[in-house]
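Chemist: Input target-v6.cif, format and content: mmCIF, C-alpha atoms and all ligand atoms.
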```cif
data_model
loop_
_atom_site.label_atom_id
_atom_site.label_comp_id
_atom_site.auth_asym_id
_atom_site.auth_seq_id
_atom_site.Cartn_x
_atom_site.Cartn_y
_atom_site.Cartn_z
CA MET A 1 82.82 96.44 81.33
CA SER A 2 80.36 99.26 81.62
CA GLU A 3 79.46 101.33 78.53
CA SER A 4 80.67 104.46 80.36
CA GLY A 5 83.98 102.87 81.39
CA LEU A 6 83.32 104.10 84.95
CA LYS A 7 83.90 101.87 87.96
CA LYS A 8 83.33 103.86 91.12
CA ILE A 9 80.46 106.28 91.66
CA GLY A 10 80.13 108.77 94.51
CA VAL A 11 76.76 110.04 95.73
CA ILE A 12 76.46 113.12 97.95
CA GLY A 13 73.32 113.10 100.12
CA ILE A 14 71.42 109.95 101.11
CA GLY A 15 67.94 111.53 101.22
CA THR A 16 64.92 110.69 99.07
CA MET A 17 66.85 110.84 95.80
CA GLY A 18 70.37 109.97 96.95
CA ASN A 19 69.38 106.64 98.44
CA GLY A 20 67.56 105.64 95.22
CA ILE A 21 70.51 106.74 93.09
CA ALA A 22 72.97 104.83 95.30
CA GLN A 23 70.79 101.71 95.15
CA VAL A 24 70.56 101.78 91.34
CA SER A 25 74.30 102.46 91.03
CA ALA A 26 75.21 99.50 93.28
CA GLN A 27 72.66 97.25 91.57
CA SER A 28 74.21 98.16 88.22
CA GLY A 29 77.62 96.89 89.32
CA PHE A 30 79.33 100.14 90.37
CA SER A 31 81.31 100.34 93.56
CA THR A 32 79.29 103.11 95.23
CA VAL A 33 80.24 105.39 98.09
CA VAL A 34 77.58 107.61 99.63
CA MET A 35 78.45 110.67 101.67
CA ASP A 36 76.15 112.58 104.05
CA VAL A 37 76.69 114.96 106.93
CA ASP A 38 75.60 112.68 109.75
CA ALA A 39 76.10 108.96 110.44
CA SER A 40 72.46 108.64 111.57
CA PHE A 41 71.24 109.88 108.13
CA LEU A 42 73.52 107.33 106.47
CA ALA A 43 72.12 104.52 108.65
CA LYS A 44 68.54 105.57 107.83
CA GLY A 45 69.35 105.81 104.10
CA LEU A 46 71.03 102.40 104.04
CA ASP A 47 68.02 100.94 105.82
CA SER A 48 65.74 102.37 103.08
CA ILE A 49 67.97 100.82 100.41
CA ASN A 50 67.94 97.48 102.22
CA ARG A 51 64.13 97.50 102.43
CA SER A 52 63.82 98.51 98.79
CA LEU A 53 66.12 95.65 97.72
CA ASP A 54 64.12 93.26 99.94
CA ARG A 55 60.96 94.25 98.07
CA LEU A 56 62.70 93.28 94.82
CA VAL A 57 63.69 89.91 96.29
CA LYS A 58 60.06 89.31 97.37
CA ALA A 59 58.88 90.27 93.86
CA PHE A 60 61.38 87.74 92.43
CA GLU A 61 60.08 84.97 94.67
CA LYS A 62 56.44 85.81 94.05
CA SER A 63 56.82 85.99 90.26
CA GLY A 64 58.87 82.80 89.97
CA GLY A 65 61.93 84.78 88.85
CA GLU A 66 60.20 86.97 86.25
CA LYS A 67 60.44 90.22 88.20
CA GLY A 68 62.82 91.61 90.82
CA ILE A 69 66.19 90.17 91.85
CA ASP A 70 67.29 87.04 93.70
CA ALA A 71 68.73 87.11 97.22
CA ASP A 72 72.36 86.64 96.04
CA THR A 73 72.07 89.58 93.62
CA LYS A 74 70.70 91.67 96.48
CA ASP A 75 73.63 90.74 98.74
CA GLN A 76 76.15 91.54 95.98
CA ALA A 77 74.52 94.93 95.34
CA PHE A 78 74.47 95.78 99.04
CA ALA A 79 78.14 94.77 99.38
CA ARG A 80 79.09 97.34 96.69
CA LEU A 81 77.79 100.17 98.90
CA SER A 82 79.87 102.04 101.43
CA THR A 83 79.09 105.21 103.39
CA THR A 84 81.10 108.09 104.79
CA THR A 85 80.74 111.51 106.38
CA ARG A 86 84.08 112.68 104.88
CA THR A 87 84.19 114.37 101.46
CA GLU A 88 87.82 113.15 101.13
CA ASP A 89 86.51 109.58 100.76
CA LEU A 90 84.89 110.55 97.43
CA LEU A 91 88.07 111.71 95.75
CA ASP A 92 88.88 108.38 94.03
CA CYS A 93 85.41 108.17 92.44
CA ASP A 94 85.22 108.27 88.64
CA LEU A 95 82.06 110.37 88.75
CA ILE A 96 80.14 112.03 91.59
CA ILE A 97 76.38 112.62 91.69
CA GLU A 98 75.32 115.40 94.07
CA ALA A 99 71.82 115.04 95.58
CA VAL A 100 71.68 117.49 98.49
CA PRO A 101 68.68 119.81 99.11
CA GLU A 102 67.70 122.28 96.40
CA LYS A 103 69.69 125.24 97.78
CA PRO A 104 71.97 126.97 95.25
CA GLU A 105 74.54 128.18 97.82
CA LEU A 106 74.81 124.71 99.40
CA LYS A 107 75.37 123.04 96.04
CA GLU A 108 77.90 125.70 95.03
CA LYS A 109 79.77 125.23 98.31
CA ILE A 110 79.95 121.46 97.75
CA ASN A 111 81.24 121.95 94.19
CA ARG A 112 83.90 124.44 95.34
CA GLY A 113 84.87 122.13 98.23
CA LEU A 114 85.38 119.14 95.91
CA ALA A 115 87.56 121.23 93.56
CA GLU A 116 89.61 122.57 96.50
CA LEU A 117 90.27 119.01 97.67
CA GLY A 118 91.61 118.17 94.19
CA TYR A 119 88.67 116.27 92.70
CA ASP A 120 88.87 116.78 88.92
CA LYS A 121 86.62 114.19 87.32
CA ILE A 122 82.98 114.43 86.22
CA LEU A 123 80.58 115.98 88.70
CA VAL A 124 76.82 115.97 88.07
CA SER A 125 73.95 117.51 90.00
CA ASN A 126 70.49 116.08 90.50
CA THR A 127 69.13 119.62 90.75
CA SER A 128 65.50 120.08 89.74
CA GLY A 129 65.87 123.68 88.68
CA ILE A 130 69.14 125.46 89.49
CA SER A 131 71.15 126.68 86.50
CA ILE A 132 73.67 124.01 85.51
CA THR A 133 75.96 126.71 84.15
CA ARG A 134 75.93 128.45 87.56
CA LEU A 135 76.77 125.21 89.43
CA GLY A 136 79.45 124.32 86.86
CA ALA A 137 81.12 127.69 87.42
CA ALA A 138 81.35 126.94 91.16
CA TYR A 139 83.10 123.64 90.36
CA GLY A 140 85.62 125.61 88.28
CA LYS A 141 85.74 122.90 85.61
CA PRO A 142 82.46 123.59 83.76
CA GLU A 143 83.45 121.25 80.93
CA LYS A 144 83.27 118.34 83.41
CA PHE A 145 79.95 119.37 84.93
CA MET A 146 76.32 118.73 83.95
CA GLY A 147 72.84 117.97 85.25
CA MET A 148 71.53 114.45 85.75
CA HIS A 149 67.94 114.84 86.91
CA PHE A 150 66.68 111.49 88.18
CA MET A 151 62.96 110.96 88.83
CA ASN A 152 61.37 109.82 92.06
CA PRO A 153 61.33 106.92 93.00
CA VAL A 154 64.68 106.38 91.28
CA PRO A 155 64.63 102.55 91.20
CA MET A 156 61.23 102.60 89.45
CA GLN A 157 61.42 105.58 87.10
CA GLN A 158 63.36 105.02 83.90
CA GLY A 159 63.73 108.55 82.59
CA VAL A 160 66.69 110.74 83.52
CA GLU A 161 66.76 114.30 82.22
CA ILE A 162 70.32 115.22 81.25
CA ILE A 163 71.23 118.88 80.97
CA ARG A 164 74.41 120.42 79.59
CA GLY A 165 75.63 123.73 80.95
CA LEU A 166 76.96 126.32 78.51
CA ALA A 167 80.50 124.89 78.70
CA THR A 168 79.87 121.15 79.25
CA SER A 169 82.16 119.15 76.95
CA GLU A 170 81.00 116.57 74.44
CA LYS A 171 83.10 113.95 76.28
CA THR A 172 81.30 114.60 79.57
CA TYR A 173 77.93 114.48 77.81
CA GLU A 174 78.75 111.17 76.11
CA THR A 175 79.97 109.63 79.37
CA VAL A 176 76.76 110.66 81.14
CA VAL A 177 74.61 109.23 78.32
CA ALA A 178 76.55 105.96 78.63
CA LEU A 179 76.11 106.03 82.41
CA CYS A 180 72.33 106.33 81.94
CA HIS A 181 72.46 103.15 79.86
CA ASP A 182 74.64 101.39 82.46
CA LEU A 183 72.04 102.27 85.09
CA GLY A 184 69.22 100.90 82.92
CA LYS A 185 67.83 104.40 82.40
CA ILE A 186 66.63 106.32 79.35
CA GLU A 187 68.24 109.73 78.82
CA ILE A 188 66.10 112.77 78.02
CA ALA A 189 68.24 115.66 76.79
CA ALA A 190 67.20 119.17 77.80
CA GLU A 191 68.79 122.62 77.65
CA ASP A 192 69.85 124.74 80.61
CA LYS A 193 66.84 127.04 80.78
CA ALA A 194 64.64 127.50 83.89
CA GLY A 195 62.89 124.23 84.81
CA PHE A 196 64.69 122.39 81.97
CA ALA A 197 62.01 120.38 80.08
CA ILE A 198 60.17 118.36 82.72
CA ASN A 199 59.64 120.98 85.39
CA ARG A 200 58.96 123.69 82.80
CA MET A 201 55.85 121.65 81.99
CA PHE A 202 55.06 120.02 85.31
CA VAL A 203 55.49 122.84 87.85
CA PRO A 204 53.04 125.24 86.15
CA PHE A 205 50.60 122.30 85.99
CA VAL A 206 50.90 121.81 89.78
CA ASN A 207 50.66 125.55 90.38
CA GLU A 208 47.43 125.75 88.36
CA ALA A 209 46.04 122.69 90.19
CA ILE A 210 46.62 124.56 93.48
CA ARG A 211 44.84 127.64 92.11
CA VAL A 212 41.85 125.43 91.26
CA ILE A 213 41.70 124.51 94.96
CA GLU A 214 42.24 128.07 96.18
CA GLU A 215 39.36 129.29 94.03
CA GLY A 216 37.07 126.51 95.29
CA ILE A 217 36.63 125.08 91.80
CA ALA A 218 37.36 121.51 92.90
CA SER A 219 38.54 119.62 95.99
CA VAL A 220 42.04 118.14 96.46
CA ASP A 221 40.65 114.71 95.78
CA ASP A 222 38.82 115.75 92.63
CA VAL A 223 41.74 117.77 91.25
CA ASP A 224 43.87 114.64 91.32
CA LYS A 225 41.01 112.53 89.93
CA CYS A 226 40.79 114.88 86.91
CA THR A 227 44.21 113.78 85.77
CA TYR A 228 43.29 110.10 85.73
CA CYS A 229 40.97 111.11 82.86
CA LEU A 230 44.11 112.29 81.07
CA GLY A 231 45.69 108.89 81.56
CA HIS A 232 48.13 110.01 84.27
CA LYS A 233 48.84 107.46 87.01
CA MET A 234 49.16 110.03 89.78
CA GLY A 235 47.58 113.47 90.19
CA PRO A 236 49.62 116.70 90.35
CA LEU A 237 48.97 117.32 94.06
CA MET A 238 50.00 113.87 95.19
CA THR A 239 53.07 114.03 92.96
CA ALA A 240 53.92 117.47 94.39
CA ASP A 241 53.66 116.02 97.91
CA TYR A 242 56.03 113.23 96.89
CA VAL A 243 58.56 115.58 95.32
CA GLY A 244 58.42 118.04 98.25
CA LEU A 245 56.51 121.33 98.31
CA ASP A 246 59.68 123.27 99.15
CA THR A 247 61.21 122.00 95.91
CA MET A 248 58.01 122.88 94.01
CA LEU A 249 58.04 126.43 95.41
CA PHE A 250 61.71 126.85 94.64
CA ILE A 251 61.23 125.83 90.99
CA CYS A 252 58.18 128.14 90.66
CA GLU A 253 60.37 131.00 91.83
CA VAL A 254 63.14 130.08 89.38
CA LEU A 255 60.59 129.97 86.53
CA GLU A 256 59.07 133.31 87.59
CA GLU A 257 62.47 134.98 87.83
CA GLU A 258 63.62 133.81 84.42
CA LEU A 259 60.36 133.67 82.46
CA GLY A 260 57.93 136.13 84.06
CA SER A 261 54.89 136.55 86.29
CA PHE A 262 52.80 133.84 84.62
CA TYR A 263 54.86 131.39 86.71
CA LYS A 264 54.29 133.17 90.07
CA PRO A 265 53.78 130.60 92.86
CA SER A 266 50.23 130.33 94.20
CA PRO A 267 49.70 131.70 97.75
CA LEU A 268 48.58 128.30 99.10
CA LEU A 269 51.85 126.70 97.98
CA LYS A 270 53.75 129.43 99.86
CA ARG A 271 51.56 129.07 102.99
CA LEU A 272 52.12 125.30 103.10
CA VAL A 273 55.89 125.72 102.87
CA GLU A 274 55.82 128.51 105.51
CA SER A 275 53.93 126.17 107.84
CA GLY A 276 56.55 123.44 107.40
CA GLN A 277 54.08 121.14 105.62
CA LEU A 278 56.32 119.98 102.79
CA GLY A 279 54.50 116.82 101.69
CA ALA A 280 55.27 113.14 102.27
CA LYS A 281 58.63 113.79 103.94
CA THR A 282 57.08 115.89 106.77
CA GLY A 283 53.84 113.88 107.14
CA SER A 284 51.54 116.48 105.57
CA GLY A 285 51.11 118.58 102.45
CA PHE A 286 47.97 118.42 100.34
CA TYR A 287 47.51 114.98 101.87
CA THR A 288 48.40 113.57 105.29
CA TRP A 289 51.11 110.90 105.08
CA GLU A 290 52.21 107.87 107.07
CA GLN A 291 55.44 106.16 106.02
CA TYR A 292 55.22 107.76 102.57
CA LYS A 293 51.64 106.49 102.08
CA ALA A 294 48.83 109.04 101.78
CA SER A 295 46.34 108.56 104.64
CA GLY A 296 43.83 111.36 103.96
CA ILE A 297 43.33 114.94 102.81
CA ASN A 298 45.02 117.64 104.90
CA PRO A 299 42.11 119.32 106.77
CA ASP A 300 43.94 122.69 106.68
CA ILE A 301 43.52 122.70 102.89
CA ALA A 302 39.80 121.94 102.93
CA ARG A 303 38.86 125.43 104.16
CA TYR A 304 41.52 127.48 102.33
CA ARG A 305 39.86 129.74 99.77
CA ILE A 306 40.93 132.90 97.96
CA GLY A 307 38.93 134.53 95.20
N1 LIG B 401 62.44 114.58 95.92
C1 LIG B 401 62.18 114.50 94.61
O1 LIG B 401 61.14 113.96 94.17
C2 LIG B 401 63.20 115.00 93.61
C3 LIG B 401 63.07 114.63 92.27
C4 LIG B 401 64.06 115.02 91.36
C5 LIG B 401 65.11 115.79 91.80
N2 LIG B 401 65.20 116.17 93.13
C6 LIG B 401 66.36 116.96 93.54
O2 LIG B 401 67.27 116.10 94.20
C7 LIG B 401 68.00 116.83 95.19
C8 LIG B 401 67.84 116.15 96.54
O3 LIG B 401 66.48 116.14 96.88
P1 LIG B 401 65.91 115.13 97.99
O4 LIG B 401 64.43 115.20 97.85
O5 LIG B 401 66.59 113.82 97.89
O6 LIG B 401 66.36 115.86 99.32
P2 LIG B 401 66.38 115.27 100.81
O7 LIG B 401 66.20 116.44 101.69
O8 LIG B 401 65.47 114.10 100.93
O9 LIG B 401 67.88 114.71 100.97
C9 LIG B 401 69.01 115.51 100.93
C10 LIG B 401 70.15 114.83 101.69
O10 LIG B 401 71.32 115.63 101.57
C11 LIG B 401 71.98 115.63 102.81
N3 LIG B 401 72.87 116.78 102.90
C12 LIG B 401 72.57 118.06 103.23
N4 LIG B 401 73.69 118.81 103.21
C13 LIG B 401 74.70 117.99 102.86
C14 LIG B 401 76.09 118.19 102.68
N5 LIG B 401 76.65 119.38 102.85
N6 LIG B 401 76.86 117.13 102.34
C15 LIG B 401 76.29 115.90 102.16
N7 LIG B 401 74.97 115.66 102.32
C16 LIG B 401 74.19 116.70 102.67
C17 LIG B 401 70.86 115.64 103.83
O11 LIG B 401 71.34 115.23 105.10
C18 LIG B 401 69.88 114.66 103.19
O12 LIG B 401 70.14 113.33 103.57
C19 LIG B 401 67.46 118.26 95.14
O13 LIG B 401 68.27 119.04 94.32
C20 LIG B 401 66.07 118.08 94.52
O14 LIG B 401 65.63 119.24 93.86
C21 LIG B 401 64.28 115.77 94.04
#
```
Could the structure of this file be written out as C-alpha cells, please?
Modeler:
Amino acid sequence: MSESGLKKIGVIGIGTMGNGIAQVSAQSGFSTVVMDVDASFLAKGLDSINRSLDRLVKAFEKSGGEKGIDADTKDQAFARLSTTTRTEDLLDCDLIIEAVPEKPELKEKINRGLAELGYDKILVSNTSGISITRLGAAYGKPEKFMGMHFMNPVPMQQGVEIIRGLATSEKTYETVVALCHDLGKIEIAAEDKAGFAINRMFVPFVNEAIRVIEEGIASVDDVDKCTYCLGHKMGPLMTADYVGLDTMLFICEVLEEELGSFYKPSPLLKRLVESGQLGAKTGSGFYTWEQYKASGINPDIARYRIG
C-alpha cells in the first residue's frame, strides 16, 4: 500500500519532464497512463523511458546489484505504463500530473477540459512559474489543485518543489507530500509567489550569467567554470540549456511582472529564443548539443556583445 493511498497516476505530456515523471511513477508501483497529442510523441517518449530503464539495468549489472534495478523490475515497471491520445482515458486516475509546455492558456484549457469531462480528483501542475492559484481557478476545484515542480532529469533529481495555491486544501497537500515519498522524492514546500523558491533564486542567477557574457566579462565556458568554484556540479548556462531557454525567458518575464525591473530578461536570452535556439532540445543554445550532450560552444554567442 502506498503512503498516499493512490493507485493510478495520469501524466499529461510525454516531453522532457513527462517521460521522467511517468518512468518514476511506474517504477514506484503506480499504474501509469500517459497522454499526449500525437501517437508519434508517445512512441518517442516511451522509447526514452525504455532507454533510461535500460541504463538502470546496466548499472545494476555493473555494480553487482548495488545500484540500479534488475531486468525483471524493469519489465514490471514498463508493464505498468500505458499511453493514450484521449483525455477521457485519464478520468479513472486517482491523481493527474500535467507536464505540457509552459503556456498559461494551454494549461488552463487542459484544466477546464478535465473538469468538463467530469474529472474531480487531485490535479497537479509541473509548472515552473505560472501562478498555481490561476491554474487552480481554471480547474474550478482549487482545493484539489496544487503545484508539483519536479526537477530535470526526474529519475535522478530527488527534490520536488510543492506549491499550494491560495485555496488548496490540507488534504490535497498531505496527499501530495505522501506521493512525493511514494516516488522516493523529497518535498520542498514553497508559496505561490512568482518563481516559487527555486526559480526565484535560480533564474536571476542565469540572467546575470548571461549579462556577464553580453558585457564581455567572461566567456560561456568560463562563466560555467566559475560556478564549479562554488561547488555546483553544473554551470548556470548549461543548466539553462537543459531546462529550455524558452522556459527561462518565460519565468524571467513572470518575475519581472510580479516583482519589478530588476528581473528583466537579458537581451541575449530574448535573441536566442527569437532565433529558435532553445537549448538541448533544439540542438543549440549557449552550447551546441547532440543527443542531449553538449558538443561545443554556440559560435553565435562568441561574438555577441552589448555594453
Ligand atoms: N524542462 C525542464 O527542465 C523543466 C524543469 C521543471 C519544470 N518544467 C516544466 O514542465 C513542463 C513541461 O516542460 P517540458 O520541458 O517537459 O516540455 P516539453 O516541450 O519537452 O514537453 C511537453 C509535452 O507536452 C505535450 N503536449 C502539448 N500540448 C499538449 C496537450 N494539449 N495535451 C497533452 N500533451 C500536450 C507535447 O507534445 C510534449 O510532448 C513545463 O511547465 C515546464 O515549465 C520543465
Chemist: Write out as a list in words each polymer residue whose atoms come within 6 Å of range 8-11 of chain A, counting only C-alpha atoms; drop sequence neighbours fewer than 3 positions from it.
Modeler: Phe30, Ser31, Thr32, Val33, Val34, Leu90, Cys93, Asp94, Leu95, Ile96, Ile97 and Glu98 of chain A
Chemist: Mind running chain A against ligand LIG 401 (chain B) at 7 Å and telling me each contacting residue's nearest atom pair with the distance in Å (one decimal), counting only C-alpha atoms and all ligand atoms, chain and number ascending, as CSV?
Modeler:
```
residue,atom,partner,partner_atom,distance
A:Ile12,CA,B:LIG401,C15,5.0
A:Gly13,CA,B:LIG401,O10,3.5
A:Ile14,CA,B:LIG401,O12,4.4
A:Gly15,CA,B:LIG401,O9,3.2
A:Thr16,CA,B:LIG401,O5,3.7
A:Met17,CA,B:LIG401,O5,3.6
A:Gly18,CA,B:LIG401,O5,5.5
A:Met35,CA,B:LIG401,C15,5.7
A:Asp36,CA,B:LIG401,N7,3.7
A:Val37,CA,B:LIG401,C15,4.9
A:Asp38,CA,B:LIG401,O11,6.8
A:Phe41,CA,B:LIG401,O12,5.8
A:Ala99,CA,B:LIG401,C7,4.2
A:Val100,CA,B:LIG401,O10,3.6
A:Pro101,CA,B:LIG401,C19,4.4
A:Glu102,CA,B:LIG401,O13,3.9
A:Leu106,CA,B:LIG401,N5,6.6
A:Ile110,CA,B:LIG401,N5,6.4
A:Asn126,CA,B:LIG401,O2,4.9
A:Thr127,CA,B:LIG401,O13,3.7
A:Ser128,CA,B:LIG401,O14,4.2
A:Gly129,CA,B:LIG401,O14,6.8
A:His149,CA,B:LIG401,C5,5.7
A:Phe150,CA,B:LIG401,C4,5.4
A:Met151,CA,B:LIG401,C4,4.9
A:Asn152,CA,B:LIG401,O1,4.7
A:Tyr242,CA,B:LIG401,O1,5.8
A:Val243,CA,B:LIG401,O1,3.3
A:Gly244,CA,B:LIG401,N1,5.8
A:Thr247,CA,B:LIG401,O14,5.6
```
Chemist: How far is it from CA of Lys185 in chain A to CA of Phe250 in chain A, in Å with one decimal?
Modeler: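 Atom-to-atom, CA of Lys185 in chain A and CA of Phe250 in chain A are spaced 26.3 Å apart.
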Chemist: For a quick check of understanding, using all atoms listed in the file, which of A:Ile188, A:Val254, A:Val176, A:Ala240 has the smallest distance to Phe205 in chain A?
Modeler: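 Answer, going by the shortest atom-to-atom distance: A:Ala240.
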Chemist: Measure the distance from CA of Tyr139 in chain A to CA of Leu42 in chain A in Å and round it to one decimal.
Modeler: 24.8 Å
Chemist: Neighbourhood query: residues within 9 Å of (78.1, 98.0, 97.4), file coordinates, counting all atoms listed in the file; return as a list in words.
Modeler: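 Here the neighbourhood of the point contains Ala22, Gln23, Ser25, Ala26, Gln27, Gly29, Phe30, Ser31, Thr32, Val33, Asp75, Gln76, Ala77, Phe78, Ala79, Arg80, Leu81 and Ser82 of chain A.
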Chemist: Between CA of Thr239 in chain A and CA of Lys193 in chain A, what is the distance, to one decimal in Å?
Modeler: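 Between CA of Thr239 in chain A and CA of Lys193 in chain A the gap works out to 22.5 Å.
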